[in-house]
file data.pdb (PDB, C-alpha atoms, pLDDT in the B column)
ATOM      1  CA  MET M 634       0.039  19.363 -16.756  1.00 84.00           C
ATOM      2  CA  ARG M 635      -2.496  21.228 -14.706  1.00 93.00           C
ATOM      3  CA  GLU M 636      -1.170  23.934 -12.412  1.00 96.00           C
ATOM      4  CA  LEU M 637      -0.925  23.116  -8.708  1.00 96.00           C
ATOM      5  CA  SER M 638      -3.513  25.784  -7.869  1.00 97.00           C
ATOM      6  CA  GLU M 639      -6.088  23.968 -10.029  1.00 97.00           C
ATOM      7  CA  LEU M 640      -5.547  20.800  -8.007  1.00 97.00           C
ATOM      8  CA  VAL M 641      -5.538  22.424  -4.555  1.00 98.00           C
ATOM      9  CA  GLU M 642      -8.185  25.137  -4.829  1.00 97.00           C
ATOM     10  CA  VAL M 643     -11.285  22.985  -5.292  1.00 97.00           C
ATOM     11  CA  GLU M 644     -14.796  22.928  -3.962  1.00 96.00           C
ATOM     12  CA  GLN M 645     -15.573  20.137  -1.497  1.00 97.00           C
ATOM     13  CA  PRO M 646     -12.032  18.916  -0.760  1.00 98.00           C
ATOM     14  CA  ALA M 647     -11.968  15.292   0.359  1.00 98.00           C
ATOM     15  CA  TRP M 648      -9.735  15.624   3.430  1.00 98.00           C
ATOM     16  CA  PRO M 649     -12.517  16.642   5.893  1.00 98.00           C
ATOM     17  CA  VAL M 650     -14.564  13.633   4.766  1.00 98.00           C
ATOM     18  CA  LEU M 651     -11.603  11.274   4.952  1.00 98.00           C
ATOM     19  CA  SER M 652     -10.574  12.694   8.341  1.00 98.00           C
ATOM     20  CA  ASP M 653     -14.024  11.903   9.691  1.00 98.00           C
ATOM     21  CA  HIS M 654     -13.744   8.303   8.513  1.00 98.00           C
ATOM     22  CA  LEU M 655     -10.273   8.041  10.058  1.00 98.00           C
ATOM     23  CA  ALA M 656     -11.597   9.310  13.383  1.00 98.00           C
ATOM     24  CA  ARG M 657     -14.420   6.737  13.345  1.00 98.00           C
ATOM     25  CA  SER M 658     -12.295   3.847  12.070  1.00 98.00           C
ATOM     26  CA  ALA M 659     -13.052   0.334  13.290  1.00 98.00           C
ATOM     27  CA  ILE M 660      -9.296  -0.374  13.435  1.00 98.00           C
ATOM     28  CA  PRO M 661      -6.399   1.510  15.082  1.00 98.00           C
ATOM     29  CA  VAL M 662      -5.125   4.337  12.858  1.00 98.00           C
ATOM     30  CA  SER M 663      -2.067   6.568  13.192  1.00 98.00           C
ATOM     31  CA  VAL M 664      -2.112   9.626  10.923  1.00 98.00           C
ATOM     32  CA  LEU M 665       1.443  10.712  10.115  1.00 98.00           C
ATOM     33  CA  PRO M 666       2.282  14.378   9.471  1.00 97.00           C
ATOM     34  CA  VAL M 667       3.043  15.484   5.955  1.00 98.00           C
ATOM     35  CA  THR M 668       5.979  17.607   4.888  1.00 97.00           C
ATOM     36  CA  PRO M 669       3.987  20.380   3.145  1.00 97.00           C
ATOM     37  CA  ALA M 670       6.381  20.948   0.240  1.00 97.00           C
ATOM     38  CA  ARG M 671       6.587  17.216  -0.470  1.00 96.00           C
ATOM     39  CA  GLY M 672       2.813  16.910  -0.312  1.00 97.00           C
ATOM     40  CA  ARG M 673       2.235  19.693  -2.808  1.00 97.00           C
ATOM     41  CA  THR M 674       4.867  18.323  -5.167  1.00 96.00           C
ATOM     42  CA  CYS M 675       3.319  14.869  -4.894  1.00 96.00           C
ATOM     43  CA  LEU M 676      -0.147  16.196  -5.712  1.00 96.00           C
ATOM     44  CA  HIS M 677       1.165  18.122  -8.705  1.00 95.00           C
ATOM     45  CA  ARG M 678       2.924  15.060 -10.125  1.00 94.00           C
ATOM     46  CA  LEU M 679      -0.085  12.825  -9.524  1.00 94.00           C
ATOM     47  CA  GLN M 680      -2.265  15.329 -11.398  1.00 94.00           C
ATOM     48  CA  VAL M 681      -5.332  14.530  -9.287  1.00 96.00           C
ATOM     49  CA  THR M 682      -7.322  17.083  -7.345  1.00 97.00           C
ATOM     50  CA  ALA M 683      -7.799  17.451  -3.608  1.00 98.00           C
ATOM     51  CA  ARG M 684     -11.442  16.426  -4.142  1.00 98.00           C
ATOM     52  CA  SER M 685     -10.330  12.804  -4.370  1.00 98.00           C
ATOM     53  CA  PHE M 686      -9.166  10.621  -1.473  1.00 98.00           C
ATOM     54  CA  LEU M 687      -5.887  10.022  -3.330  1.00 98.00           C
ATOM     55  CA  GLY M 688      -5.339  13.761  -3.731  1.00 98.00           C
ATOM     56  CA  ALA M 689      -6.265  14.403  -0.108  1.00 98.00           C
ATOM     57  CA  MET M 690      -3.743  11.797   1.062  1.00 98.00           C
ATOM     58  CA  ALA M 691      -1.030  13.387  -1.068  1.00 98.00           C
ATOM     59  CA  LEU M 692      -1.699  16.950   0.046  1.00 98.00           C
ATOM     60  CA  GLU M 693      -2.760  16.620   3.672  1.00 98.00           C
ATOM     61  CA  CYS M 694      -1.263  13.400   5.077  1.00 98.00           C
ATOM     62  CA  GLY M 695       2.239  11.985   5.435  1.00 98.00           C
ATOM     63  CA  GLY M 696       0.798   8.472   5.492  1.00 98.00           C
ATOM     64  CA  LEU M 697      -1.296   6.113   7.582  1.00 98.00           C
ATOM     65  CA  LEU M 698      -0.392   3.213   9.847  1.00 98.00           C
ATOM     66  CA  LEU M 699      -3.444   0.961   9.920  1.00 98.00           C
ATOM     67  CA  ASP M 700      -4.133  -1.829  12.418  1.00 98.00           C
ATOM     68  CA  ASP M 701      -1.109  -0.878  14.552  1.00 98.00           C
ATOM     69  CA  GLY M 702       1.110  -0.698  11.486  1.00 98.00           C
ATOM     70  CA  TRP M 703       0.161  -3.913   9.692  1.00 98.00           C
ATOM     71  CA  VAL M 704      -0.684  -1.777   6.614  1.00 98.00           C
ATOM     72  CA  ARG M 705       1.247   1.392   5.754  1.00 98.00           C
ATOM     73  CA  VAL M 706      -0.619   3.673   3.336  1.00 98.00           C
ATOM     74  CA  HIS M 707       1.594   6.221   1.589  1.00 98.00           C
ATOM     75  CA  GLY M 708       0.546   9.848   1.434  1.00 98.00           C
ATOM     76  CA  GLY M 709       2.444  12.983   0.541  1.00 98.00           C
ATOM     77  CA  GLY M 710       5.469  11.892   2.546  1.00 97.00           C
ATOM     78  CA  GLY M 711       6.957  12.895   5.852  1.00 96.00           C
ATOM     79  CA  PRO M 712       9.654  12.048   8.372  1.00 94.00           C
ATOM     80  CA  ARG M 713       8.512   8.448   8.974  1.00 95.00           C
ATOM     81  CA  LEU M 714       7.141   7.223   5.654  1.00 97.00           C
ATOM     82  CA  PRO M 715       8.068   7.953   2.030  1.00 97.00           C
ATOM     83  CA  GLY M 716       5.344   9.545  -0.051  1.00 97.00           C
ATOM     84  CA  ILE M 717       3.603   8.253  -3.148  1.00 97.00           C
ATOM     85  CA  GLY M 718       5.858  10.479  -5.236  1.00 95.00           C
ATOM     86  CA  GLU M 719       9.059   8.941  -3.888  1.00 96.00           C
ATOM     87  CA  VAL M 720       7.763   5.366  -3.825  1.00 97.00           C
ATOM     88  CA  ASN M 721       6.746   5.546  -7.495  1.00 96.00           C
ATOM     89  CA  ASP M 722       9.498   7.929  -8.642  1.00 93.00           C
ATOM     90  CA  LEU M 723       6.977  10.362 -10.052  1.00 93.00           C
ATOM     91  CA  SER M 724       9.788  12.700 -11.044  1.00 88.00           C
ATOM     92  CA  ALA M 725      10.419  10.233 -13.893  1.00 76.00           C
ATOM     93  CA  ALA M 726       6.685  10.095 -14.628  1.00 67.00           C
ATOM     94  CA  VAL M 727       6.790  13.765 -15.607  1.00 66.00           C
ATOM     95  CA  VAL M 728       9.000  12.750 -18.543  1.00 56.00           C
ATOM     96  CA  TYR M 729       7.991   9.173 -19.267  1.00 62.00           C
ATOM     97  CA  GLY M 730       4.337   9.164 -18.211  1.00 66.00           C
ATOM     98  CA  PRO M 731       2.577   7.617 -15.214  1.00 72.00           C
ATOM     99  CA  PRO M 732       3.467   4.095 -14.072  1.00 84.00           C
ATOM    100  CA  LEU M 733       1.227   1.219 -15.133  1.00 87.00           C
ATOM    101  CA  ARG M 734       0.598   0.569 -11.447  1.00 93.00           C
ATOM    102  CA  LEU M 735       0.799   3.237  -8.756  1.00 96.00           C
ATOM    103  CA  VAL M 736       2.000   1.650  -5.503  1.00 97.00           C
ATOM    104  CA  VAL M 737      -0.094   3.123  -2.683  1.00 98.00           C
ATOM    105  CA  ALA M 738       0.557   0.880   0.345  1.00 98.00           C
ATOM    106  CA  HIS M 739       2.646  -1.955   1.761  1.00 98.00           C
ATOM    107  CA  ASP M 740       1.925  -4.386   4.543  1.00 98.00           C
ATOM    108  CA  VAL M 741       4.209  -5.831   7.189  1.00 98.00           C
ATOM    109  CA  LEU M 742       4.738  -9.091   5.256  1.00 98.00           C
ATOM    110  CA  GLY M 743       5.792  -7.314   2.066  1.00 98.00           C
ATOM    111  CA  GLY M 744       2.387  -7.393   0.425  1.00 98.00           C
ATOM    112  CA  VAL M 745       1.812  -4.496  -1.968  1.00 98.00           C
ATOM    113  CA  PHE M 746      -1.327  -2.530  -2.812  1.00 98.00           C
ATOM    114  CA  ALA M 747      -1.309  -0.685  -6.133  1.00 97.00           C
ATOM    115  CA  LEU M 748      -3.711   1.317  -8.264  1.00 97.00           C
ATOM    116  CA  ASN M 749      -4.020   0.133 -11.868  1.00 95.00           C
ATOM    117  CA  GLY M 750      -3.432   2.937 -14.323  1.00 91.00           C
ATOM    118  CA  PRO M 751      -3.901   3.463 -18.065  1.00 83.00           C
ATOM    119  CA  GLY M 752      -2.333   0.635 -20.035  1.00 80.00           C
ATOM    120  CA  THR M 753      -3.584  -2.164 -17.769  1.00 82.00           C
ATOM    121  CA  GLU M 754      -6.752  -2.783 -19.757  1.00 80.00           C
ATOM    122  CA  ASP M 755      -5.309  -5.205 -22.316  1.00 74.00           C
ATOM    123  CA  GLY M 756      -5.737  -8.350 -20.237  1.00 73.00           C
ATOM    124  CA  ARG M 757      -2.076  -8.807 -19.314  1.00 76.00           C
ATOM    125  CA  TYR M 758      -2.641  -7.261 -15.899  1.00 82.00           C
ATOM    126  CA  PRO M 759      -5.121  -8.465 -13.266  1.00 91.00           C
ATOM    127  CA  GLY M 760      -7.852  -6.008 -12.359  1.00 91.00           C
ATOM    128  CA  LYS M 761      -9.307  -3.048 -14.205  1.00 93.00           C
ATOM    129  CA  PRO M 762      -7.834   0.440 -14.689  1.00 93.00           C
ATOM    130  CA  GLY M 763      -8.702   2.671 -11.753  1.00 95.00           C
ATOM    131  CA  GLN M 764      -9.014  -0.245  -9.327  1.00 96.00           C
ATOM    132  CA  ILE M 765      -6.770  -1.550  -6.544  1.00 97.00           C
ATOM    133  CA  VAL M 766      -4.812  -4.789  -6.897  1.00 97.00           C
ATOM    134  CA  TYR M 767      -2.843  -6.609  -4.197  1.00 98.00           C
ATOM    135  CA  PHE M 768       0.392  -8.565  -4.514  1.00 97.00           C
ATOM    136  CA  ALA M 769      -0.085 -11.358  -1.988  1.00 97.00           C
ATOM    137  CA  PRO M 770       3.039 -12.788  -0.300  1.00 97.00           C
ATOM    138  CA  ASP M 771       1.363 -16.192   0.054  1.00 97.00           C
ATOM    139  CA  SER M 772       0.318 -16.631  -3.601  1.00 96.00           C
ATOM    140  CA  LEU M 773       3.101 -14.471  -5.134  1.00 96.00           C
ATOM    141  CA  GLU M 774       0.516 -13.077  -7.540  1.00 95.00           C
ATOM    142  CA  TRP M 775      -1.366  -9.836  -8.108  1.00 96.00           C
ATOM    143  CA  GLU M 776      -4.975 -10.225  -7.024  1.00 96.00           C
ATOM    144  CA  PRO M 777      -7.735  -7.785  -8.101  1.00 97.00           C
ATOM    145  CA  LEU M 778      -9.733  -6.281  -5.229  1.00 97.00           C
ATOM    146  CA  GLU M 779     -12.425  -4.779  -7.495  1.00 96.00           C
ATOM    147  CA  ALA M 780     -12.437  -1.488  -5.598  1.00 98.00           C
ATOM    148  CA  THR M 781     -11.458   2.078  -6.409  1.00 98.00           C
ATOM    149  CA  TYR M 782      -8.925   3.849  -4.203  1.00 98.00           C
ATOM    150  CA  SER M 783     -11.616   5.511  -2.088  1.00 98.00           C
ATOM    151  CA  GLY M 784     -13.639   2.302  -1.851  1.00 98.00           C
ATOM    152  CA  TRP M 785     -10.553   0.370  -0.762  1.00 98.00           C
ATOM    153  CA  MET M 786      -9.720   2.969   1.869  1.00 98.00           C
ATOM    154  CA  LEU M 787     -13.217   2.899   3.359  1.00 98.00           C
ATOM    155  CA  TRP M 788     -13.270  -0.914   3.218  1.00 98.00           C
ATOM    156  CA  MET M 789     -10.128  -1.058   5.362  1.00 98.00           C
ATOM    157  CA  LEU M 790     -11.388   1.524   7.836  1.00 98.00           C
ATOM    158  CA  GLU M 791     -14.633  -0.427   8.243  1.00 98.00           C
ATOM    159  CA  GLY M 792     -12.626  -3.294   9.764  1.00 98.00           C
ATOM    160  CA  HIS M 793     -12.294  -5.806   6.917  1.00 98.00           C
ATOM    161  CA  LEU M 794      -8.556  -6.353   7.301  1.00 98.00           C
ATOM    162  CA  GLU M 795      -9.135  -9.032   9.931  1.00 97.00           C
ATOM    163  CA  ASP M 796     -10.891 -11.284   7.416  1.00 98.00           C
ATOM    164  CA  PHE M 797      -8.587 -10.309   4.555  1.00 98.00           C
ATOM    165  CA  TYR M 798      -5.464 -11.336   6.485  1.00 98.00           C
ATOM    166  CA  ARG M 799      -6.975 -14.185   8.478  1.00 97.00           C
ATOM    167  CA  ASP M 800      -4.689 -16.826   6.929  1.00 97.00           C
ATOM    168  CA  LEU M 801      -1.562 -14.665   7.259  1.00 97.00           C
ATOM    169  CA  ARG M 802      -1.780 -13.797  10.953  1.00 98.00           C
ATOM    170  CA  TRP M 803      -0.797 -15.725  14.073  1.00 98.00           C
ATOM    171  CA  PRO M 804      -1.537 -15.393  17.797  1.00 97.00           C
ATOM    172  CA  GLY M 805       0.355 -12.383  19.179  1.00 97.00           C
ATOM    173  CA  TRP M 806       0.984 -10.734  15.806  1.00 98.00           C
ATOM    174  CA  ARG M 807      -0.104  -7.320  17.065  1.00 97.00           C
ATOM    175  CA  GLU M 808       2.462  -7.259  19.862  1.00 96.00           C
ATOM    176  CA  GLU M 809       5.219  -8.227  17.411  1.00 96.00           C
ATOM    177  CA  ILE M 810       4.544  -5.491  14.857  1.00 97.00           C
ATOM    178  CA  THR M 811       3.996  -2.544  17.191  1.00 94.00           C
ATOM    179  CA  ALA M 812       7.747  -2.362  17.836  1.00 91.00           C
ATOM    180  CA  LEU M 813       8.561  -2.052  14.113  1.00 97.00           C
ATOM    181  CA  GLU M 814       9.386   1.158  12.298  1.00 96.00           C
ATOM    182  CA  PRO M 815       7.261   1.925   9.198  1.00 96.00           C
ATOM    183  CA  SER M 816      10.351   1.146   7.099  1.00 96.00           C
ATOM    184  CA  GLN M 817      10.500  -2.404   8.484  1.00 98.00           C
ATOM    185  CA  GLY M 818       8.618  -5.602   7.761  1.00 98.00           C
ATOM    186  CA  LEU M 819       8.712  -9.119   9.123  1.00 98.00           C
ATOM    187  CA  SER M 820      10.638 -11.798   7.260  1.00 98.00           C
ATOM    188  CA  LEU M 821       9.109 -15.237   7.820  1.00 98.00           C
ATOM    189  CA  TYR M 822      10.852 -18.582   7.519  1.00 97.00           C
ATOM    190  CA  PRO M 823       9.510 -20.634   5.912  1.00 97.00           C
ATOM    191  CA  PRO M 824       8.059 -17.817   3.769  1.00 97.00           C
ATOM    192  CA  PRO M 825       4.290 -17.197   3.497  1.00 97.00           C
ATOM    193  CA  SER M 826       4.232 -18.847   0.053  1.00 96.00           C
ATOM    194  CA  SER M 827       5.409 -22.194   1.476  1.00 96.00           C
ATOM    195  CA  SER M 828       3.064 -25.012   2.393  1.00 96.00           C
ATOM    196  CA  GLU M 829       4.675 -25.138   5.857  1.00 97.00           C
ATOM    197  CA  ALA M 830       3.798 -21.522   6.620  1.00 98.00           C
ATOM    198  CA  GLN M 831       0.292 -21.876   5.227  1.00 97.00           C
ATOM    199  CA  THR M 832      -0.251 -24.905   7.445  1.00 97.00           C
ATOM    200  CA  ASP M 833       0.928 -23.144  10.621  1.00 97.00           C
ATOM    201  CA  MET M 834       1.854 -19.451  10.495  1.00 97.00           C
ATOM    202  CA  ALA M 835       2.554 -19.450  14.234  1.00 97.00           C
ATOM    203  CA  ALA M 836       5.371 -21.993  13.751  1.00 97.00           C
ATOM    204  CA  THR M 837       7.358 -19.722  11.415  1.00 98.00           C
ATOM    205  CA  SER M 838      10.396 -17.852  12.673  1.00 98.00           C
ATOM    206  CA  ARG M 839      10.099 -14.104  12.236  1.00 98.00           C
ATOM    207  CA  ARG M 840      12.615 -11.261  12.229  1.00 97.00           C
ATOM    208  CA  PRO M 841      12.493  -7.551  11.378  1.00 98.00           C
ATOM    209  CA  VAL M 842      14.091  -6.559   8.072  1.00 98.00           C
ATOM    210  CA  PRO M 843      13.957  -3.465   5.850  1.00 98.00           C
ATOM    211  CA  LEU M 844      10.695  -3.559   3.911  1.00 97.00           C
ATOM    212  CA  GLU M 845      12.536  -3.158   0.607  1.00 96.00           C
ATOM    213  CA  GLU M 846      14.537  -6.311   1.362  1.00 96.00           C
ATOM    214  CA  LEU M 847      11.289  -8.156   1.919  1.00 96.00           C
ATOM    215  CA  THR M 848       9.709  -7.057  -1.374  1.00 97.00           C
ATOM    216  CA  ASP M 849      12.945  -7.884  -3.219  1.00 96.00           C
ATOM    217  CA  THR M 850      12.750 -11.398  -1.761  1.00 96.00           C
ATOM    218  CA  HIS M 851       9.214 -11.824  -3.111  1.00 96.00           C
ATOM    219  CA  ARG M 852      10.360 -10.857  -6.604  1.00 95.00           C
ATOM    220  CA  GLU M 853      13.247 -13.326  -6.357  1.00 95.00           C
ATOM    221  CA  LEU M 854      10.847 -16.096  -5.308  1.00 95.00           C
ATOM    222  CA  CYS M 855       8.718 -15.373  -8.372  1.00 95.00           C
ATOM    223  CA  VAL M 856      11.782 -15.950 -10.570  1.00 92.00           C
ATOM    224  CA  THR M 857      12.750 -19.084  -8.617  1.00 93.00           C
ATOM    225  CA  PHE M 858       9.300 -20.594  -9.113  1.00 92.00           C
ATOM    226  CA  GLY M 859       9.116 -19.646 -12.798  1.00 92.00           C
ATOM    227  CA  ARG M 860       6.447 -16.985 -12.305  1.00 90.00           C
ATOM    228  CA  SER M 861       6.229 -13.861 -14.429  1.00 86.00           C
ATOM    229  CA  ASP M 862       7.985 -10.797 -13.072  1.00 88.00           C
ATOM    230  CA  PRO M 863       5.420  -8.963 -10.908  1.00 92.00           C
ATOM    231  CA  GLY M 864       6.999  -5.593 -11.714  1.00 89.00           C
ATOM    232  CA  PRO M 865       8.187  -2.823  -9.375  1.00 89.00           C
ATOM    233  CA  PHE M 866       6.991  -2.809  -5.780  1.00 95.00           C
ATOM    234  CA  GLY M 867       8.025   0.783  -5.131  1.00 95.00           C
ATOM    235  CA  LEU M 868      11.150   2.529  -3.863  1.00 94.00           C
ATOM    236  CA  LEU M 869      11.363   2.325  -0.081  1.00 92.00           C
TER     237      LEU M 869
END
call {"tool": "encode", "arguments": {"input": "data.pdb", "output": "structure tokens"}}
result
Amino acid sequence: MRELSELVEVEQPAWPVLSDHLARSAIPVSVLPVTPARGRTCLHRLQVTARSFLGAMALECGGLLLDDGWVRVHGGGGPRLPGIGEVNDLSAAVVYGPPLRLVVAHDVLGGVFALNGPGTEDGRYPGKPGQIVYFAPDSLEWEPLEATYSGWMLWMLEGHLEDFYRDLRWPGWREEITALEPSQGLSLYPPPSSSEAQTDMAATSRRPVPLEELTDTHRELCVTFGRSDPGPFGLL
């Protein structure tokens, strides 16, 4: 493993560039404070440098709440949001190697964004190594986004979430989610994967639940419908 100093002390760190994009974002953004010790530990276990957007998020940011909290992007970790290290249990990765998919964000419906790692190039996993994939709560499948971590981040900040989530939102969704904590999601009944919900999202009943409960439900639905196990969605 590279020493922490090699990862931190770099020319052209990415955080000033990323901060500028956050300030000019086309969607509402809340930047959460990082707990410095957790951020440095996270960066060391990720083994990426602060020149990358992923490294900058780990070292300098506790996490992001995008579009009034619809998407929660994990950073180094802080009081309100667990970091990438905790979500992916990177303490185990030191011994057993990095996870096949690095979970980097969750959305309010229990959707999961992850970064494909080494070992996902054999065709069993959607998407290419080094690119972002999304577990969609309506299809119950991983969907490749064909973007690197930095490209995905900029794509969101440019305002593309509205189109991406068009079929999963309902009138008044913003007012409903602003009251949620980052640890909470919205459980829908019927669920987003049902034909009833896909016909009329506004007609679903919705209630706040712990986000981990929501992702567990999605995994259970995959089993119920005979789908392959989608794998871990992160520790929340």
call {"tool": "residues_around", "arguments": {"input": "data.pdb", "residues": "Gly696 in chain M", "least_positions_apart": "5", "cutoff": "8 Å", "atoms": "only C-alpha atoms", "output": "PyMOL selection string"}}
result
chain M and resi 664-667+690+705-711+714+716
call {"tool": "residues_around", "arguments": {"input": "data.pdb", "residues": "Gly750 in chain M", "least_positions_apart": "5", "cutoff": "6 Å", "atoms": "all atoms listed in the file", "output": "PyMOL selection string"}}
result
chain M and resi 733-734+762-763
call {"tool": "residues_around", "arguments": {"input": "data.pdb", "residues": "Thr781 in chain M", "least_positions_apart": "2", "cutoff": "10 Å", "atoms": "only C-alpha atoms", "output": "list in words"}}
result
Leu748, Asn749, Lys761, Pro762, Gly763, Gln764, Ile765, Val766, Leu778, Glu779, Ser783, Gly784, Trp785, Met786 and Leu787 of chain M
call {"tool": "write_last_selection", "arguments": {"input": "data.pdb", "atoms": "C-alpha atoms", "output": "PDB file, in the coordinates of the input"}}
result
ATOM      1  CA  LEU M 748      -3.711   1.317  -8.264  1.00 97.00           C
ATOM      2  CA  ASN M 749      -4.020   0.133 -11.868  1.00 95.00           C
ATOM      3  CA  LYS M 761      -9.307  -3.048 -14.205  1.00 93.00           C
ATOM      4  CA  PRO M 762      -7.834   0.440 -14.689  1.00 93.00           C
ATOM      5  CA  GLY M 763      -8.702   2.671 -11.753  1.00 95.00           C
ATOM      6  CA  GLN M 764      -9.014  -0.245  -9.327  1.00 96.00           C
ATOM      7  CA  ILE M 765      -6.770  -1.550  -6.544  1.00 97.00           C
ATOM      8  CA  VAL M 766      -4.812  -4.789  -6.897  1.00 97.00           C
ATOM      9  CA  LEU M 778      -9.733  -6.281  -5.229  1.00 97.00           C
ATOM     10  CA  GLU M 779     -12.425  -4.779  -7.495  1.00 96.00           C
ATOM     11  CA  SER M 783     -11.616   5.511  -2.088  1.00 98.00           C
ATOM     12  CA  GLY M 784     -13.639   2.302  -1.851  1.00 98.00           C
ATOM     13  CA  TRP M 785     -10.553   0.370  -0.762  1.00 98.00           C
ATOM     14  CA  MET M 786      -9.720   2.969   1.869  1.00 98.00           C
ATOM     15  CA  LEU M 787     -13.217   2.899   3.359  1.00 98.00           C
TER      16      LEU M 787
END
call {"tool": "closest_residue", "arguments": {"input": "data.pdb", "among": "M:Pro823, M:Ala830, M:Gly695, M:Thr674", "to": "Asp722 in chain M", "atoms": "only C-alpha atoms"}}
result
M:Thr674
call {"tool": "resolve_selection", "arguments": {"input": "data.pdb", "expression": "the PyMOL selection byres ((chain M and resi 864) around 10)", "output": "count of residues only"}}
result
9
call {"tool": "resolve_selection", "arguments": {"input": "data.pdb", "expression": "the PyMOL selection byres ((chain M and resi 818) around 6)", "output": "list in words"}}
result
Val741, Leu742, Gln817, Leu819, Pro841, Val842 and Leu844 of chain M
call {"tool": "residues_near_point", "arguments": {"input": "data.pdb", "point": "(9.6, -4.0, 4.1)", "cutoff": "12 Å", "atoms": "only C-alpha atoms", "output": "PyMOL selection string"}}
result
chain M and resi 702-705+714+738-745+770+810+813-821+840-851+866-869
call {"tool": "residues_around", "arguments": {"input": "data.pdb", "residues": "range 650-658 of chain M", "least_positions_apart": "3", "cutoff": "7 Å", "atoms": "all atoms listed in the file", "output": "VMD selection string"}}
result
chain M and resid 647 662 686 790 to 791
call {"tool": "resolve_selection", "arguments": {"input": "data.pdb", "expression": "the PyMOL selection byres ((chain M and resi 683) around 12)", "output": "ChimeraX atom specification"}}
result
/M:637-651,672-673,675-677,679-682,684-694,709
call {"tool": "atom_distance", "arguments": {"input": "data.pdb", "atom1": "CA of Arg713 in chain M", "atom2": "CA of Leu854 in chain M"}}
result
28.5 Å
call {"tool": "atom_distance", "arguments": {"input": "data.pdb", "atom1": "CA of Ala812 in chain M", "atom2": "CA of Glu719 in chain M"}}
result
24.5 Å
call {"tool": "atom_distance", "arguments": {"input": "data.pdb", "atom1": "CA of Arg860 in chain M", "atom2": "CA of Leu773 in chain M"}}
result
8.3 Å
call {"tool": "closest_residue", "arguments": {"input": "data.pdb", "among": "M:Tyr758, M:Phe768, M:Phe746, M:Trp788", "to": "Ile660 in chain M", "atoms": "only C-alpha atoms"}}
result
M:Trp788
call {"tool": "axis_aligned_box", "arguments": {"input": "data.pdb", "around": "range 801-807 of chain M", "padding_each_side": "3 Å", "output": "AutoDock Vina command-line options"}}
result
--center_x -0.4 --center_y -11.5 --center_z 13.2 --size_x 8.8 --size_y 14.4 --size_z 17.9
